[in-house]
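Asker: After the structure tokens below, expect a handful of questions from me.
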Amino acid sequence: MDKMTLEPHYDDDCIFCKILKGDIPSYTVYEDNIVKAFLDISQGTPGHTLVIPKTHVKDIFAYDSDLAAAVFSRIPRIARAVQASDPAITGMNIVNNNGKVAYQSVFHSHFHLVPRYTDDDDFQMIFKDNSGNYTPDDYAAIQAKIKAHVED
């Protein structure tokens, strides 16, 4: 693993910061100097795990490239451990919500690792197909706007 260490910054009103400080208990499945992974109390499916950086960062838009590399590089290791914990797990959704409109309910960046067992395991993600509403010119305009803001 890398040698990066996070300078902890906590928000006193953040439930995940309270978990990091030990003020609120959690069912931790993995922890190192960068992240803490613990069971989501809701257990959308059995084994539903959250991975959070060990410093308060509101959402994906607040990450710098070093923090992103450090946090993201740990997710596959944790996901493999969740999968290995139950032979009935046949897949996994990895979800990161950013902003209230995107269903972020705790404003401390976190990644949901949601084990999937069957098509009927009470977890759904629906992506509507809106392709009929777009022309090649529409796609090109959206592409150009995004490309203009990609930072090197």
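For the structure tokens, the naming scheme is as follows: chains receive sequential letters (A, B, ...) according to their order of presentation, residues are indexed from 1 within each chain, and ligands are indexed from 1 in presentation order.
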Please identify every residue of stretch 32-104 of chain A that has at least one atom no farther than 9 Å from an atom of stretch 11-18 of chain A, counting only C-alpha atoms, and for each give the shortest atom pair and the distance in Å to one decimal, arranged by chain then increasing number, as a Markdown table.

Answerer:
| residue | atom | partner | partner_atom | distance |
| --- | --- | --- | --- | --- |
| A:Ile52 | CA | A:Phe16 | CA | 7.9 |
| A:Lys54 | CA | A:Cys17 | CA | 8.0 |
| A:Thr55 | CA | A:Cys17 | CA | 7.5 |
| A:His56 | CA | A:Asp11 | CA | 6.5 |

Asker: Got a sec: who's within 10 Å of A:Arg116, counting only C-alpha atoms, leaving out chain neighbours fewer than 3 positions off, as a PyMOL selection string?

Answerer: chain A and resi 44-48+83+88-93+113+119-123

Asker: Where in stretch 59-108 of chain A does DSSP assign alpha helix (DSSP H), given as an NGL selection string?

Answerer: :A and (65-72 or 75-84)

Asker: Since we have the selection now, will you write its residues out, keeping C-alpha atoms, as a JSON list (two decimals), in the first residue's frame?

Answerer:
[["chain", "number", "residue", "atom", "x", "y", "z"],
["A", 65, "SER", "CA", -6.15, 13.33, -7.49],
["A", 66, "ASP", "CA", -4.00, 12.01, -4.62],
["A", 67, "LEU", "CA", -6.97, 11.42, -2.34],
["A", 68, "ALA", "CA", -8.95, 9.85, -5.18],
["A", 69, "ALA", "CA", -6.10, 7.47, -6.04],
["A", 70, "ALA", "CA", -5.62, 6.49, -2.41],
["A", 71, "VAL", "CA", -9.32, 5.91, -1.67],
["A", 72, "PHE", "CA", -10.29, 4.31, -4.98],
["A", 75, "ILE", "CA", -12.19, -0.39, -3.05],
["A", 76, "PRO", "CA", -11.39, -3.55, -5.09],
["A", 77, "ARG", "CA", -9.65, -5.16, -2.09],
["A", 78, "ILE", "CA", -12.64, -4.49, 0.16],
["A", 79, "ALA", "CA", -15.11, -5.55, -2.55],
["A", 80, "ARG", "CA", -13.27, -8.87, -2.98],
["A", 81, "ALA", "CA", -13.46, -9.45, 0.79],
["A", 82, "VAL", "CA", -17.21, -8.79, 0.81],
["A", 83, "GLN", "CA", -17.69, -11.13, -2.14],
["A", 84, "ALA", "CA", -15.56, -13.86, -0.54]]

Asker: As a ChimeraX atom specification, list the residues of chain A assigned to strand (DSSP E or B) by DSSP on the backbone atoms of this structure.

Answerer: /A:28-31,35-39,49-53,91-95,111-116

Asker: Fewer than 3 positions away in the same chain doesn't count, so skip those; otherwise give me all residues within 10 Å of A:Val95, counting only C-alpha atoms, as a list in words.

Answerer: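 In the requested form, the answer reads Leu50, Met92, Asn98, His110, Phe111, His112, Leu113, Val114 and Met125 of chain A.
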
Asker: Since we have the selection now, will you write its residues out, keeping all heavy atoms, as an mmCIF file, in the first residue's frame?

Answerer:
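And here is the file that came out, out-v4.cif:
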data_model
loop_
_atom_site.group_PDB
_atom_site.id
_atom_site.type_symbol
_atom_site.label_atom_id
_atom_site.label_comp_id
_atom_site.auth_asym_id
_atom_site.auth_seq_id
_atom_site.Cartn_x
_atom_site.Cartn_y
_atom_site.Cartn_z
ATOM 1 N N LEU A 50 -19.954 0.314 3.599
ATOM 2 C CA LEU A 50 -19.582 1.674 3.219
ATOM 3 C C LEU A 50 -18.073 1.827 3.330
ATOM 4 O O LEU A 50 -17.467 1.341 4.281
ATOM 5 C CB LEU A 50 -20.252 2.692 4.136
ATOM 6 C CG LEU A 50 -21.768 2.697 4.155
ATOM 7 C CD1 LEU A 50 -22.283 3.699 5.182
ATOM 8 C CD2 LEU A 50 -22.332 3.011 2.777
ATOM 9 N N MET A 92 -22.001 -7.236 -7.579
ATOM 10 C CA MET A 92 -21.934 -6.137 -6.617
ATOM 11 C C MET A 92 -22.155 -4.814 -7.347
ATOM 12 O O MET A 92 -21.574 -4.580 -8.403
ATOM 13 C CB MET A 92 -20.570 -6.105 -5.924
ATOM 14 C CG MET A 92 -20.432 -4.989 -4.897
ATOM 15 S SD MET A 92 -18.864 -5.061 -4.014
ATOM 16 C CE MET A 92 -19.057 -6.591 -3.113
ATOM 17 N N ASN A 98 -23.623 11.903 -5.049
ATOM 18 C CA ASN A 98 -23.031 13.218 -4.810
ATOM 19 C C ASN A 98 -24.073 14.309 -4.947
ATOM 20 O O ASN A 98 -24.541 14.584 -6.050
ATOM 21 C CB ASN A 98 -21.873 13.449 -5.789
ATOM 22 C CG ASN A 98 -20.770 12.457 -5.557
ATOM 23 O OD1 ASN A 98 -19.970 12.630 -4.658
ATOM 24 N ND2 ASN A 98 -20.750 11.378 -6.331
ATOM 25 N N HIS A 110 -18.740 8.832 0.517
ATOM 26 C CA HIS A 110 -18.738 7.409 0.837
ATOM 27 C C HIS A 110 -19.154 6.594 -0.378
ATOM 28 O O HIS A 110 -19.846 7.085 -1.264
ATOM 29 C CB HIS A 110 -19.638 7.098 2.036
ATOM 30 C CG HIS A 110 -21.057 7.536 1.887
ATOM 31 N ND1 HIS A 110 -21.447 8.870 1.990
ATOM 32 C CD2 HIS A 110 -22.191 6.830 1.669
ATOM 33 C CE1 HIS A 110 -22.764 8.950 1.838
ATOM 34 N NE2 HIS A 110 -23.231 7.733 1.637
ATOM 35 N N PHE A 111 -18.689 5.378 -0.385
ATOM 36 C CA PHE A 111 -18.971 4.451 -1.463
ATOM 37 C C PHE A 111 -19.722 3.263 -0.893
ATOM 38 O O PHE A 111 -19.294 2.668 0.090
ATOM 39 C CB PHE A 111 -17.670 3.989 -2.136
ATOM 40 C CG PHE A 111 -16.948 5.133 -2.784
ATOM 41 C CD1 PHE A 111 -16.117 5.956 -2.035
ATOM 42 C CD2 PHE A 111 -17.132 5.414 -4.127
ATOM 43 C CE1 PHE A 111 -15.492 7.041 -2.620
ATOM 44 C CE2 PHE A 111 -16.504 6.497 -4.715
ATOM 45 C CZ PHE A 111 -15.683 7.312 -3.957
ATOM 46 N N HIS A 112 -20.841 2.945 -1.506
ATOM 47 C CA HIS A 112 -21.642 1.793 -1.114
ATOM 48 C C HIS A 112 -21.153 0.583 -1.897
ATOM 49 O O HIS A 112 -21.103 0.620 -3.130
ATOM 50 C CB HIS A 112 -23.122 2.009 -1.460
ATOM 51 C CG HIS A 112 -23.784 3.100 -0.703
ATOM 52 N ND1 HIS A 112 -24.551 2.860 0.416
ATOM 53 C CD2 HIS A 112 -23.814 4.440 -0.916
ATOM 54 C CE1 HIS A 112 -25.028 4.013 0.866
ATOM 55 N NE2 HIS A 112 -24.590 4.991 0.077
ATOM 56 N N LEU A 113 -20.832 -0.483 -1.216
ATOM 57 C CA LEU A 113 -20.568 -1.773 -1.834
ATOM 58 C C LEU A 113 -21.771 -2.639 -1.503
ATOM 59 O O LEU A 113 -21.957 -3.040 -0.345
ATOM 60 C CB LEU A 113 -19.286 -2.394 -1.280
ATOM 61 C CG LEU A 113 -17.954 -1.869 -1.836
ATOM 62 C CD1 LEU A 113 -17.787 -0.382 -1.663
ATOM 63 C CD2 LEU A 113 -16.790 -2.615 -1.218
ATOM 64 N N VAL A 114 -22.625 -2.852 -2.497
ATOM 65 C CA VAL A 114 -23.893 -3.537 -2.279
ATOM 66 C C VAL A 114 -23.824 -4.914 -2.942
ATOM 67 O O VAL A 114 -23.912 -5.027 -4.168
ATOM 68 C CB VAL A 114 -25.085 -2.736 -2.849
ATOM 69 C CG1 VAL A 114 -26.404 -3.430 -2.527
ATOM 70 C CG2 VAL A 114 -25.077 -1.295 -2.329
ATOM 71 N N MET A 125 -31.414 -0.300 -9.490
ATOM 72 C CA MET A 125 -30.920 0.931 -10.109
ATOM 73 C C MET A 125 -31.546 0.957 -11.496
ATOM 74 O O MET A 125 -31.504 -0.047 -12.210
ATOM 75 C CB MET A 125 -29.398 0.940 -10.214
ATOM 76 C CG MET A 125 -28.722 1.036 -8.881
ATOM 77 S SD MET A 125 -26.916 1.080 -8.999
ATOM 78 C CE MET A 125 -26.663 2.652 -9.805
#

Asker: Using only C-alpha atoms, find the one residue out of A:Pro87, A:Tyr103, A:His108, A:Ile19 that sits nearest to A:Phe61.

Answerer: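 Smallest separation from A:Phe61 among the options: A:His108.
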